[in-house]
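Just structure-v5.txt here, compact mmCIF, C-alpha atoms and all ligand atoms:
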```txt
# COMPACT_ATOMS: atom_id res chain seq x y z
CA MET A 1 150.60 199.07 101.88
CA ASN A 2 150.28 195.32 102.34
CA PRO A 3 153.62 193.59 102.79
CA THR A 4 154.09 190.79 100.30
CA PHE A 5 155.68 188.41 102.77
CA MET A 6 152.64 186.14 102.60
CA ASN A 7 153.51 185.56 98.95
CA ILE A 8 157.11 184.47 99.34
CA ASP A 9 157.56 181.26 97.44
CA ALA A 10 160.46 178.94 97.12
CA ASP A 11 160.59 178.95 93.35
CA PHE A 12 163.23 181.67 93.11
CA ASN A 13 166.65 181.98 94.74
CA LEU A 14 165.75 179.47 97.46
CA ASN A 15 165.03 176.90 94.80
CA TYR A 16 168.65 177.18 93.63
CA TYR A 17 170.15 177.29 97.12
CA LYS A 18 168.32 174.08 97.99
CA ARG A 19 169.99 172.35 95.07
CA GLY A 20 173.44 173.60 96.07
CA ILE A 21 173.64 176.36 93.44
CA LEU A 22 174.70 179.82 94.59
CA PRO A 23 172.24 181.99 92.59
CA ALA A 24 174.38 185.00 91.76
CA THR A 25 177.49 186.76 92.83
CA MET A 26 176.30 189.88 91.04
CA GLY A 27 172.64 190.29 90.31
CA CYS A 28 172.01 193.42 88.28
CA ARG A 29 173.68 192.78 84.93
CA THR A 30 174.00 189.04 84.99
CA TYR A 31 171.66 187.29 87.36
CA ILE A 32 171.36 184.36 84.89
CA CYS A 33 170.58 181.07 86.68
CA SER A 34 168.42 178.75 84.59
CA ASN A 35 169.96 176.99 81.60
CA ILE A 36 168.09 175.05 78.95
CA ASN A 37 171.34 173.80 77.39
CA GLY A 38 173.56 172.84 80.31
CA PRO A 39 174.31 173.20 84.02
CA GLU A 40 172.31 175.87 85.89
CA GLY A 41 173.78 178.67 87.99
CA PRO A 42 175.79 181.76 87.11
CA ALA A 43 179.27 180.21 87.04
CA ARG A 44 181.21 180.82 83.80
CA ARG A 45 178.17 182.26 82.04
CA GLY A 46 176.65 185.61 81.23
CA ASN A 47 174.18 187.56 79.13
CA ASN A 48 175.45 187.29 75.55
CA ALA A 49 173.68 190.47 74.56
CA PRO A 50 170.84 192.67 75.78
CA THR A 51 168.41 194.84 73.94
CA THR A 52 166.23 197.41 75.66
CA ILE A 53 162.64 198.37 74.91
CA ASN A 54 161.71 202.03 75.29
CA LEU A 55 158.55 201.38 77.31
CA PRO A 56 157.56 205.04 77.86
CA ARG A 57 157.32 205.55 74.09
CA LEU A 58 154.81 202.69 73.90
CA GLY A 59 152.90 204.24 76.78
CA ILE A 60 152.73 207.59 74.98
CA GLU A 61 151.75 206.02 71.65
CA ALA A 62 148.96 204.00 73.29
CA HIS A 63 147.08 207.22 74.24
CA ARG A 64 145.81 205.61 77.44
CA ASP A 65 144.31 202.67 75.56
CA LEU A 66 145.56 199.47 77.13
CA ASP A 67 144.67 197.21 74.21
CA THR A 68 146.83 199.40 71.97
CA PHE A 69 149.62 199.27 74.55
CA TRP A 70 149.63 195.46 74.73
CA SER A 71 149.73 195.10 70.95
CA LEU A 72 152.56 197.67 70.67
CA LEU A 73 154.45 195.80 73.38
CA ASP A 74 154.06 192.51 71.52
CA GLU A 75 155.37 194.16 68.35
CA ARG A 76 158.44 195.47 70.19
CA LEU A 77 159.06 192.13 71.89
CA ASN A 78 159.12 190.47 68.50
CA ASP A 79 161.46 193.19 67.19
CA ALA A 80 163.74 192.63 70.19
CA LYS A 81 163.74 188.90 69.58
CA ALA A 82 164.53 189.39 65.86
CA SER A 83 167.40 191.79 66.63
CA LEU A 84 168.97 189.39 69.12
CA LEU A 85 168.56 186.43 66.75
CA HIS A 86 170.35 188.52 64.14
CA ARG A 87 173.11 189.22 66.65
CA TYR A 88 173.34 185.49 67.35
CA SER A 89 173.67 184.73 63.64
CA ILE A 90 176.66 187.11 63.50
CA LEU A 91 178.30 186.09 66.78
CA GLN A 92 178.26 182.40 65.95
CA HIS A 93 180.80 183.11 63.20
CA LEU A 94 183.34 184.04 65.87
CA LYS A 95 185.94 181.38 66.50
CA LEU A 96 187.60 180.36 69.72
CA LYS A 97 190.80 182.05 68.60
CA ASP A 98 188.91 185.37 68.25
CA LEU A 99 188.36 185.37 72.03
CA PRO A 100 191.70 183.99 73.19
CA PHE A 101 191.34 184.88 76.84
CA VAL A 102 187.76 184.19 77.97
CA ALA A 103 187.10 181.40 75.49
CA GLY A 104 190.58 180.19 74.57
CA GLU A 105 191.58 179.76 78.22
CA GLY A 106 188.42 177.76 78.86
CA LEU A 107 186.83 180.30 81.19
CA MET A 108 183.38 180.10 79.60
CA LEU A 109 180.98 177.21 79.95
CA GLY A 110 180.78 175.43 76.58
CA SER A 111 184.39 176.13 75.62
CA GLU A 112 185.54 172.67 76.72
CA GLY A 113 187.12 170.68 73.89
CA LEU A 114 186.86 173.48 71.32
CA GLY A 115 189.78 174.02 68.94
CA PRO A 116 191.07 177.44 67.82
CA ASN A 117 189.03 177.35 64.59
CA ASP A 118 185.79 176.09 66.14
CA SER A 119 182.74 178.37 66.42
CA ILE A 120 181.96 179.79 69.86
CA GLU A 121 178.35 178.62 69.43
CA PRO A 122 178.47 176.18 72.40
CA ILE A 123 179.41 179.14 74.61
CA LEU A 124 176.56 181.24 73.22
CA LYS A 125 174.14 178.38 73.89
CA ASN A 126 175.00 178.51 77.60
CA GLY A 127 174.68 182.29 77.79
CA SER A 128 171.44 184.23 77.62
CA TRP A 129 169.72 186.77 75.38
CA ALA A 130 168.24 189.51 77.46
CA ILE A 131 165.20 191.61 76.59
CA GLY A 132 165.31 194.64 78.84
CA PHE A 133 163.18 197.68 79.48
CA ILE A 134 163.47 201.19 80.81
CA GLY A 135 161.09 203.68 82.42
CA LEU A 136 158.24 201.59 83.77
CA ALA A 137 157.36 204.58 85.98
CA GLU A 138 156.95 207.00 83.04
CA THR A 139 155.05 204.32 81.10
CA LEU A 140 152.52 203.97 83.91
CA VAL A 141 152.12 207.75 84.11
CA ALA A 142 151.40 207.75 80.37
CA LEU A 143 148.86 204.95 80.71
CA THR A 144 147.09 205.85 83.96
CA GLY A 145 148.31 209.26 85.11
CA LYS A 146 150.15 207.76 88.10
CA HIS A 147 153.28 205.66 88.64
CA HIS A 148 153.53 202.51 90.75
CA GLY A 149 154.71 204.34 93.88
CA GLU A 150 151.57 206.49 93.85
CA SER A 151 148.77 204.11 92.96
CA GLU A 152 147.98 200.49 93.67
CA THR A 153 146.18 200.13 90.34
CA SER A 154 149.27 201.34 88.51
CA ARG A 155 151.43 199.02 90.59
CA HIS A 156 149.44 195.97 89.52
CA LEU A 157 149.50 197.10 85.90
CA GLY A 158 153.29 197.45 86.28
CA TYR A 159 153.58 193.87 87.53
CA ASP A 160 151.41 192.70 84.60
CA ILE A 161 153.59 194.52 82.05
CA ILE A 162 156.87 193.08 83.31
CA GLN A 163 155.37 189.61 83.76
CA HIS A 164 154.21 189.86 80.13
CA ILE A 165 157.82 190.45 79.03
CA ARG A 166 158.91 187.51 81.17
CA ASP A 167 156.21 185.24 79.71
CA PHE A 168 157.44 186.19 76.24
CA THR A 169 161.07 185.36 77.04
CA ASP A 170 160.05 182.05 78.70
CA LYS A 171 158.02 181.12 75.63
CA THR A 172 160.91 182.08 73.33
CA THR A 173 163.29 179.94 75.41
CA GLU A 174 161.11 176.88 74.78
CA GLU A 175 160.66 177.74 71.12
CA THR A 176 164.30 178.41 70.20
CA HIS A 177 166.01 176.20 72.78
CA MET A 178 168.18 179.14 73.77
CA ASN A 179 168.20 181.02 77.08
CA TRP A 180 166.09 184.21 76.95
CA SER A 181 165.58 186.48 79.91
CA CYS A 182 163.63 189.51 81.05
CA TYR A 183 166.15 192.16 82.07
CA ALA A 184 165.88 195.26 84.27
CA THR A 185 168.32 197.25 82.12
CA PRO A 186 170.66 199.50 84.18
CA ALA A 187 170.79 201.91 81.19
CA GLU A 188 173.54 204.35 82.13
CA GLY A 189 173.47 205.86 78.64
CA LEU A 190 169.97 205.00 77.42
CA SER A 191 168.34 206.68 80.41
CA GLY A 192 169.32 210.01 78.86
CA LYS A 193 169.16 209.03 75.18
CA PHE A 194 165.61 207.70 74.84
CA VAL A 195 164.01 210.68 76.56
CA VAL A 196 165.76 213.14 74.23
CA GLN A 197 164.41 211.23 71.22
CA ASP A 198 160.92 211.12 72.70
CA ARG A 199 160.91 214.80 73.57
CA GLN A 200 161.79 215.60 69.95
CA LYS A 201 158.96 213.37 68.75
CA PHE A 202 156.22 214.13 71.31
CA GLY A 203 157.30 217.36 73.03
CA ILE A 204 157.36 217.90 76.79
CA ILE A 205 154.77 215.71 78.50
CA PRO A 206 154.50 216.27 82.29
CA GLY A 207 155.68 213.29 84.32
CA ILE A 208 156.99 211.53 81.18
CA THR A 209 159.38 213.56 79.00
CA ASP A 210 159.87 216.56 81.30
CA LYS A 211 163.10 215.29 82.90
CA ASP A 212 166.47 214.59 81.27
CA TYR A 213 166.28 210.88 82.01
CA TYR A 214 163.89 207.97 82.15
CA THR A 215 163.69 206.13 85.44
CA ASN A 216 165.79 202.99 85.74
CA SER A 217 163.88 199.77 84.83
CA PHE A 218 161.08 199.11 87.39
CA HIS A 219 162.30 201.62 89.97
CA VAL A 220 159.99 204.04 91.74
CA PRO A 221 161.07 207.53 90.53
CA VAL A 222 164.10 208.79 92.46
CA GLY A 223 162.43 212.12 93.30
CA TYR A 224 159.30 210.55 94.77
CA THR A 225 158.92 210.64 98.55
CA ILE A 226 158.57 207.06 99.73
CA SER A 227 159.65 205.21 102.87
CA ILE A 228 162.28 202.47 102.90
CA PRO A 229 159.74 199.67 103.64
CA ASP A 230 157.33 200.85 100.93
CA LYS A 231 160.12 201.13 98.33
CA ILE A 232 161.18 197.58 99.11
CA GLN A 233 157.63 196.21 99.00
CA VAL A 234 156.75 197.91 95.70
CA GLU A 235 159.93 196.86 93.88
CA ALA A 236 160.66 193.40 95.34
CA PRO A 237 158.07 191.49 93.26
CA PHE A 238 159.82 192.61 90.05
CA HIS A 239 163.05 190.83 91.00
CA LYS A 240 161.68 187.37 90.39
CA MET A 241 160.25 188.43 87.01
CA CYS A 242 163.56 189.91 85.83
CA ASN A 243 165.60 186.72 85.52
CA GLY A 244 168.31 188.44 83.42
CA GLY A 245 169.21 190.91 86.17
CA HIS A 246 167.64 193.24 88.72
CA ILE A 247 168.54 195.53 91.62
CA SER A 248 166.70 197.91 93.95
CA TYR A 249 168.26 200.94 95.59
CA ILE A 250 167.66 202.51 98.94
CA GLU A 251 169.02 206.02 99.27
CA VAL A 252 170.01 207.14 102.76
CA ASP A 253 171.21 210.44 104.21
CA GLY A 254 174.81 210.83 105.28
CA TYR A 255 176.79 207.83 106.44
CA PRO A 256 174.47 205.12 107.78
CA THR A 257 175.61 203.16 110.82
CA PRO A 258 176.24 199.43 110.40
CA GLN A 259 173.11 198.88 112.52
CA THR A 260 170.99 200.93 110.10
CA ILE A 261 172.27 198.91 107.15
CA GLU A 262 171.64 195.67 109.00
CA LYS A 263 168.10 196.77 109.81
CA ILE A 264 167.33 197.59 106.15
CA ILE A 265 168.76 194.32 104.89
CA ASN A 266 166.96 192.25 107.53
CA TYR A 267 163.68 193.99 106.78
CA ALA A 268 164.08 193.42 103.04
CA TYR A 269 164.97 189.75 103.29
CA ASP A 270 162.53 188.91 106.08
CA THR A 271 159.45 190.50 104.56
CA SER A 272 159.82 190.38 100.79
CA ASN A 273 161.00 188.22 97.93
CA ILE A 274 163.77 190.69 97.06
CA SER A 275 166.94 189.33 95.50
CA TYR A 276 169.46 192.15 95.24
CA ILE A 277 169.57 195.47 97.03
CA GLY A 278 171.98 198.40 97.02
CA ILE A 279 172.12 200.99 99.80
CA ASN A 280 173.33 204.33 98.49
CA PHE A 281 174.86 207.27 100.26
CA HIS A 282 177.18 210.01 99.17
CA LEU A 283 180.80 209.13 100.00
CA ARG A 284 183.14 212.10 100.25
CA TYR A 285 186.73 212.46 101.37
CA CYS A 286 189.55 215.00 101.43
CA LYS A 287 192.09 214.26 98.69
CA ASP A 288 194.85 215.98 100.64
CA CYS A 289 194.58 214.31 104.04
CA GLY A 290 192.17 211.44 103.45
CA THR A 291 189.59 212.51 106.04
CA SER A 292 186.05 211.23 105.42
CA ILE A 293 183.55 214.07 105.18
CA ASN A 294 180.00 213.44 106.26
CA GLU A 295 178.60 216.95 105.98
CA GLN A 296 177.81 218.73 102.73
CA SER A 297 180.77 221.05 103.36
CA HIS A 298 183.21 222.01 100.60
CA ILE A 299 186.03 222.39 103.12
CA CYS A 300 187.90 219.62 104.93
CA PRO A 301 187.28 220.00 108.69
CA LYS A 302 190.80 218.73 109.44
CA CYS A 303 193.13 220.51 106.99
CA ASN A 304 190.83 223.18 105.48
CA SER A 305 191.52 221.87 101.96
CA ARG A 306 188.88 222.41 99.29
CA ASN A 307 190.16 219.40 97.37
CA ILE A 308 187.16 217.17 98.13
CA GLN A 309 186.33 214.05 96.14
CA GLY A 310 182.80 212.67 96.05
CA ILE A 311 181.79 209.16 95.01
CA SER A 312 178.24 208.11 94.25
CA ARG A 313 176.41 205.21 92.68
CA VAL A 314 175.60 205.53 88.97
CA THR A 315 173.72 202.25 88.59
CA GLY A 316 175.21 199.04 89.89
CA TYR A 317 178.64 200.50 90.54
CA LEU A 318 180.19 203.48 92.26
CA SER A 319 181.75 206.29 90.27
CA LEU A 320 183.60 209.52 90.91
CA ASP A 321 180.92 212.23 91.07
CA GLU A 322 182.20 214.08 88.00
CA ARG A 323 182.17 211.00 85.76
CA PHE A 324 178.41 210.66 85.49
CA GLY A 325 176.83 210.95 82.04
CA ALA A 326 174.29 213.73 81.46
CA GLY A 327 171.17 211.59 82.01
CA LYS A 328 172.46 210.01 85.20
CA ALA A 329 173.73 213.35 86.53
CA ALA A 330 170.20 214.76 86.06
CA GLU A 331 168.75 211.73 87.82
CA ARG A 332 171.15 212.10 90.77
CA HIS A 333 170.15 215.75 91.06
CA ASP A 334 166.53 214.61 91.68
CA ARG A 335 167.27 211.78 94.13
CA LEU A 336 165.54 212.01 97.49
CA SER A 337 166.64 209.83 100.37
CA HIS A 338 164.17 207.22 101.60
CA ASP A 339 164.84 207.73 105.30
CA GLY A 340 163.24 210.35 107.55
CA SER A 341 164.25 213.64 105.98
CA HIS A 342 163.74 212.75 102.29
CA THR A 343 166.47 215.19 101.25
CA ASN A 344 168.89 215.25 98.34
CA THR A 345 172.46 214.70 99.50
CA TYR A 346 173.98 215.51 96.12
CA SER A 347 172.79 219.13 96.03
CA ASN A 348 176.33 220.43 96.50
CA LEU A 349 177.42 219.05 93.12
ZN ZN B 401 191.84 217.34 104.59
```
Translate this structure into structure tokens?
Amino acid sequence: MNPTFMNIDADFNLNYYKRGILPATMGCRTYICSNINGPEGPARRGNNAPTTINLPRLGIEAHRDLDTFWSLLDERLNDAKASLLHRYSILQHLKLKDLPFVAGEGLMLGSEGLGPNDSIEPILKNGSWAIGFIGLAETLVALTGKHHGESETSRHLGYDIIQHIRDFTDKTTEETHMNWSCYATPAEGLSGKFVVQDRQKFGIIPGITDKDYYTNSFHVPVGYTISIPDKIQVEAPFHKMCNGGHISYIEVDGYPTPQTIEKIINYAYDTSNISYIGINFHLRYCKDCGTSINEQSHICPKCNSRNIQGISRVTGYLSLDERFGAGKAAERHDRLSHDGSHTNTYSNL
């Protein structure tokens, strides 16, 4: 695989840093930096509302015909735009006094000088409207037979699809003078919901509807064997396209040393245009004596207790193992680490 470091350009996070703007303190749900109606940067702003396109369904309905796929995608993009404009028309009836803390206390950009009975519209104008997507991997399987971790052709089609969404949101920003963004939806709930609907409609299609979840946004499927550098190189180019939020995950076995983490981060930032990365491993500890447990054992090595608590990453945040929804629990069950052994460290759940 060819590293993309030759293509790093300054028109992304660096562009903001150079102008004294810290791009994001949290990049997956609210990366939001540009602003057509006020000061740039993420401070005191957020995504007003997202909507998520079920990309795999479009892939299935296109029957491997790309022209059909592009026209279906354009239809859905226009639907997404219409639904968010409808949401805007409702939300602008809210008054400052309806949001006494975030708006009434002046925490949101645009709330300056508003009285209790004024519309929150100036706040909405500074926020963004995010058009998200799920399951690029399954979409590519539907269109070409292979996902973007497996085939370079699919990878380039994947970049074209997400760039198409971004071009649409950029165009809509100019047209409506509101902030629209392309969003790599984390989809804790939708990951399980869409696939159930599609299985009812289309049946079990290998590589597409045969799991209990759709793969997160532009991620390479969690059960696919891929190295840490390749995962970073395949996913990094999507970060710049997804200006509403994005994150890539690296799954490692056991407890990585600080040096291992440093090595991954340095590799990612030195050789790619990646913006936000999460390094996942299965945290476990004894609830009786507090000992950290690295092995897959069900028994505490110190006090022999079986009262072991596990913590793992759902999407952007960590959660107690047992609190995962059905779709995400199925996804975790399939996760393979990206370091040497490519094993699943959640198999004891
Ligand atoms: Zn213990």
Residue contacts of region 311-313 of chain A (12 Å, only C-alpha atoms) excluding same-chain residues fewer than 4 positions away, as a count of residues only: 35
Ligand ZN 401 (chain B) neighbours within 9 Å using only C-alpha atoms and all ligand atoms, as a list in words: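 So, counting only C-alpha atoms and all ligand atoms, the residues near ligand ZN 401 (chain B) are Tyr285, Cys286, Lys287, Asp288, Cys289, Gly290, Thr291, Ser292, Ile293, Ile299, Cys300, Pro301, Lys302, Cys303, Asn304, Ser305, Arg306, Asn307 and Ile308 of chain A.
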Nearest-residue call for Asn54 (chain A), choices A:Ile228, A:Ile247, A:Cys242, A:Ala137, using all atoms listed in the file: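 Among the listed residues, the smallest separation from Asn54 (chain A) belongs to A:Ala137.
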Of the listed residues A:Lys263, A:Lys201, A:Lys171, A:Lys211, that which approaches Leu77 (chain A) most closely, counting all atoms listed in the file: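 Among the listed residues, the smallest separation from Leu77 (chain A) belongs to A:Lys171.
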Shell of 9 Å around Ile208 (chain A), all atoms listed in the file, local chain residues under 4 positions omitted, as number ranges by chain: A: 56, 60, 135, 137-139, 141-142, 195, 204, 214
Polymer residues at most 9 Å from Lys231 (chain A), only C-alpha atoms, same-chain spacing of 3 or more positions, as a PyMOL selection string: chain A and resi 149+219-220+226-228+234-236+248-250+338
Give me a file of those residues, with C-alpha atoms, as a PDB file, in the frame of the given file.
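As a result, result-v2.pdb now contains:
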```pdb
ATOM      1  CA  GLY A 149     154.710 204.340  93.880  1.00  0.00           C
ATOM      2  CA  HIS A 219     162.300 201.620  89.970  1.00  0.00           C
ATOM      3  CA  VAL A 220     159.990 204.040  91.740  1.00  0.00           C
ATOM      4  CA  ILE A 226     158.570 207.060  99.730  1.00  0.00           C
ATOM      5  CA  SER A 227     159.650 205.210 102.870  1.00  0.00           C
ATOM      6  CA  ILE A 228     162.280 202.470 102.900  1.00  0.00           C
ATOM      7  CA  VAL A 234     156.750 197.910  95.700  1.00  0.00           C
ATOM      8  CA  GLU A 235     159.930 196.860  93.880  1.00  0.00           C
ATOM      9  CA  ALA A 236     160.660 193.400  95.340  1.00  0.00           C
ATOM     10  CA  SER A 248     166.700 197.910  93.950  1.00  0.00           C
ATOM     11  CA  TYR A 249     168.260 200.940  95.590  1.00  0.00           C
ATOM     12  CA  ILE A 250     167.660 202.510  98.940  1.00  0.00           C
ATOM     13  CA  HIS A 338     164.170 207.220 101.600  1.00  0.00           C
TER      14      HIS A 338
END
```
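Here CA of Ala24 (chain A) stands at a distance of 7.4 Å from CA of Gly41 (chain A).
Here CA of His246 (chain A) stands at a distance of 26.6 Å from CA of Glu61 (chain A).
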d(CA of Asp253 (chain A), CA of Leu190 (chain A)) in Å: 27.4 Å
Among listed residues A:Leu136, A:Val314, A:Leu114, A:Ile261, nearest His148 (chain A) (using all atoms listed in the file): A:Leu136
Counting all atoms listed in the file, the option among A:His93, A:Gln259, A:Tyr159, A:Asn266 closest to His147 (chain A):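 Selected residue with least distance to His147 (chain A): A:Tyr159.
Residue nearest Trp180 (chain A), chosen from A:Val196, A:Ala62, A:Ile32, A:Ile53 and counting only C-alpha atoms: A:Ile32.
The nearest approach to Cys33 (chain A) among the residues A:Gly192, A:Gly340, A:Gly113, A:Gly46, with only C-alpha atoms taken into account, belongs to A:Gly46.
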